[in-house]
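Heads up: the structure comes next, in structure tokens.
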Amino acid sequence: MDNDILSVEGLTVSFDGFVVLDSLDFNLAHGELRFLIGPNGAGKTTLLDLITGKTRPSRGKILFDGETDLTKLREHDLVKLGIGRKFQTPSVFASLTVYENMEVAIGFRRRLGALLRPLARSEADWIDSTLGKVGLSERAATQAGTLSHGEKQWLEIGMLLAQEPKLLLLDEPVAGMTRRERERTGTLLQAIGGDRSVLVVEHDMEFVRHFAEKVTVLHQGKVLSEGSMERVQHDPEVVRAYLGRSRRPERNGYAAVAS
């Protein structure tokens, strides 16, 4: 579709004869926040690896912005296109302050000859604005290594935004966070999702239920169900596929997919 930032068509990948993704079709619209859920081994992280060029498919293609096949490009080329990825463990420069980390991130988008010049006023304003958006304005002078786990996650998201991504990929962004940090992270994802597409792999079903407008369930390398959380958790195909995976009742009624 013309409104898709990402269009996955017939994507297949296997490792040592085990099929991880099986002719997967998947679409993500411009400006959409989508949650990708499913059990371990469903192919969620593998899909992110394929989108970012870390893994190559056996078959299929991944069209970015309607024209570029990502499977033909190298990892660093994908960053230039506007694809940013955050892994589960935050990666920040622990010995630098929060503000200095943002300065480094700004430097990545500069040309080589401009790396040593002072920040332009527009760049300093952008850092101030972004720190406000991720809730770290008051922590700007704090050494990044002393931040809480959640604050490090927010800092890394802020650093990724310096790449001006059109598509942001997040792998379990709320793992290890407190309840308050999860709430702030969900609000942040909704805020940044309006300006770019965001694809989130997540196992915390309470978090997904609270913040997701649209959910895709992967099962055995294919899309099993898609829609609102309410629709997905009552989908007969989902119930049938996960029946018996967990006998323990859960508060959200969706233990099977979260397992």
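By convention in this document, the chains of the structure tokens carry letters A, B, ... by their order, each chain's residues are numbered from 1, and ligands are numbered from 1 in the order they are shown.
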
key: DSSP alpha helix (DSSP H) residues within range 31-244 of chain A, as a VMD selection string   = chain A and resid 44 to 51 75 to 81 98 to 107 121 to 133 149 to 161 179 to 193 205 to 211 229 to 233 236 to 242

Nearby residues (only C-alpha atoms) at most 9 Å from Gly150 in chain A, same-chain spacing under 6 positions excluded, as an mmCIF file with C-alpha atoms, in the first residue's frame:
```cif
data_model
loop_
_atom_site.group_PDB
_atom_site.id
_atom_site.type_symbol
_atom_site.label_atom_id
_atom_site.label_comp_id
_atom_site.auth_asym_id
_atom_site.auth_seq_id
_atom_site.Cartn_x
_atom_site.Cartn_y
_atom_site.Cartn_z
ATOM 1 C CA PRO A 90 20.686 0.005 26.848
ATOM 2 C CA PRO A 173 12.015 -1.636 25.765
ATOM 3 C CA VAL A 174 10.340 -2.020 29.193
ATOM 4 C CA GLY A 176 13.495 -4.643 33.868
ATOM 5 C CA MET A 177 11.645 -1.362 34.410
ATOM 6 C CA THR A 178 9.572 -0.344 37.400
ATOM 7 C CA GLU A 181 9.077 3.703 34.307
ATOM 8 C CA ARG A 182 6.896 1.469 32.120
ATOM 9 C CA THR A 185 7.939 4.703 28.441
#
```

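Between Ile83 in chain A and the candidates A:Ala144, A:Ala175, A:Leu161, A:Met229, the tightest atom-to-atom separation, counting only C-alpha atoms, involves A:Leu161.
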
request  = Considering only C-alpha atoms, return as a ChimeraX atom specification whatever protein or nucleic-acid residues lie within 10 Å of Ser91 in chain A, sequence-local ones (same chain, fewer than 2 positions apart) excluded.
outcome  = /A:86-89,93-94,152-153,155-157,159

message = Among range 20-245 of chain A, which ones does DSSP assign to strand (DSSP E or B) (computed from the backbone)? Answer as a PyMOL selection string.
response = chain A and resi 20-29+33-37+59-64+68-69+83-86+97+143+167-171+197-201+214-219+222-227

Generate a file of the selected residues that holds C-alpha atoms, formatted as an mmCIF file, in the first residue's frame.
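Once everything was written out, this is part.cif:
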```
data_model
loop_
_atom_site.group_PDB
_atom_site.id
_atom_site.type_symbol
_atom_site.label_atom_id
_atom_site.label_comp_id
_atom_site.auth_asym_id
_atom_site.auth_seq_id
_atom_site.Cartn_x
_atom_site.Cartn_y
_atom_site.Cartn_z
ATOM 1 C CA VAL A 20 12.092 -19.259 11.642
ATOM 2 C CA LEU A 21 10.026 -17.125 9.272
ATOM 3 C CA ASP A 22 7.765 -18.883 6.789
ATOM 4 C CA SER A 23 6.646 -16.777 3.803
ATOM 5 C CA LEU A 24 5.824 -13.906 6.147
ATOM 6 C CA ASP A 25 3.718 -10.999 4.898
ATOM 7 C CA PHE A 26 3.603 -7.902 7.097
ATOM 8 C CA ASN A 27 2.889 -4.195 6.645
ATOM 9 C CA LEU A 28 3.516 -1.120 8.792
ATOM 10 C CA ALA A 29 2.042 2.282 7.952
ATOM 11 C CA LEU A 33 2.956 2.485 16.533
ATOM 12 C CA ARG A 34 2.699 -1.323 16.278
ATOM 13 C CA PHE A 35 3.385 -3.991 18.886
ATOM 14 C CA LEU A 36 4.733 -7.376 17.784
ATOM 15 C CA ILE A 37 4.052 -10.216 20.223
ATOM 16 C CA ARG A 59 13.437 -15.725 0.040
ATOM 17 C CA GLY A 60 11.237 -12.664 -0.026
ATOM 18 C CA LYS A 61 11.742 -8.917 0.156
ATOM 19 C CA ILE A 62 11.322 -6.006 2.534
ATOM 20 C CA LEU A 63 10.247 -2.786 0.835
ATOM 21 C CA PHE A 64 11.031 0.424 2.711
ATOM 22 C CA THR A 68 13.868 0.238 -1.504
ATOM 23 C CA ASP A 69 14.385 -3.503 -0.917
ATOM 24 C CA ILE A 83 16.046 3.045 10.243
ATOM 25 C CA GLY A 84 17.032 3.051 13.915
ATOM 26 C CA ARG A 85 17.105 0.074 16.253
ATOM 27 C CA LYS A 86 17.288 -0.222 20.016
ATOM 28 C CA THR A 97 26.986 13.018 30.989
ATOM 29 C CA GLN A 143 26.865 10.927 34.388
ATOM 30 C CA LEU A 167 11.326 3.840 11.326
ATOM 31 C CA LEU A 168 12.286 2.999 14.909
ATOM 32 C CA LEU A 169 12.623 -0.639 16.022
ATOM 33 C CA LEU A 170 12.541 -1.401 19.756
ATOM 34 C CA ASP A 171 13.221 -4.827 21.275
ATOM 35 C CA SER A 197 6.756 4.602 12.495
ATOM 36 C CA VAL A 198 7.594 2.546 15.588
ATOM 37 C CA LEU A 199 7.685 -1.259 15.757
ATOM 38 C CA VAL A 200 7.945 -2.691 19.274
ATOM 39 C CA VAL A 201 8.694 -6.312 20.201
ATOM 40 C CA LYS A 214 -2.697 -2.392 16.938
ATOM 41 C CA VAL A 215 -0.983 -5.717 17.683
ATOM 42 C CA THR A 216 0.481 -8.398 15.427
ATOM 43 C CA VAL A 217 0.838 -11.941 16.785
ATOM 44 C CA LEU A 218 3.553 -14.118 15.263
ATOM 45 C CA HIS A 219 3.344 -17.900 15.548
ATOM 46 C CA LYS A 222 3.737 -16.388 10.314
ATOM 47 C CA VAL A 223 1.179 -13.758 11.258
ATOM 48 C CA LEU A 224 -1.409 -15.598 13.318
ATOM 49 C CA SER A 225 -3.622 -12.633 14.161
ATOM 50 C CA GLU A 226 -3.670 -8.857 13.891
ATOM 51 C CA GLY A 227 -5.770 -6.036 15.268
#
```

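For the pair CA of Ile106 in chain A and CA of Asp77 in chain A, the interatomic distance is 17.9 Å.
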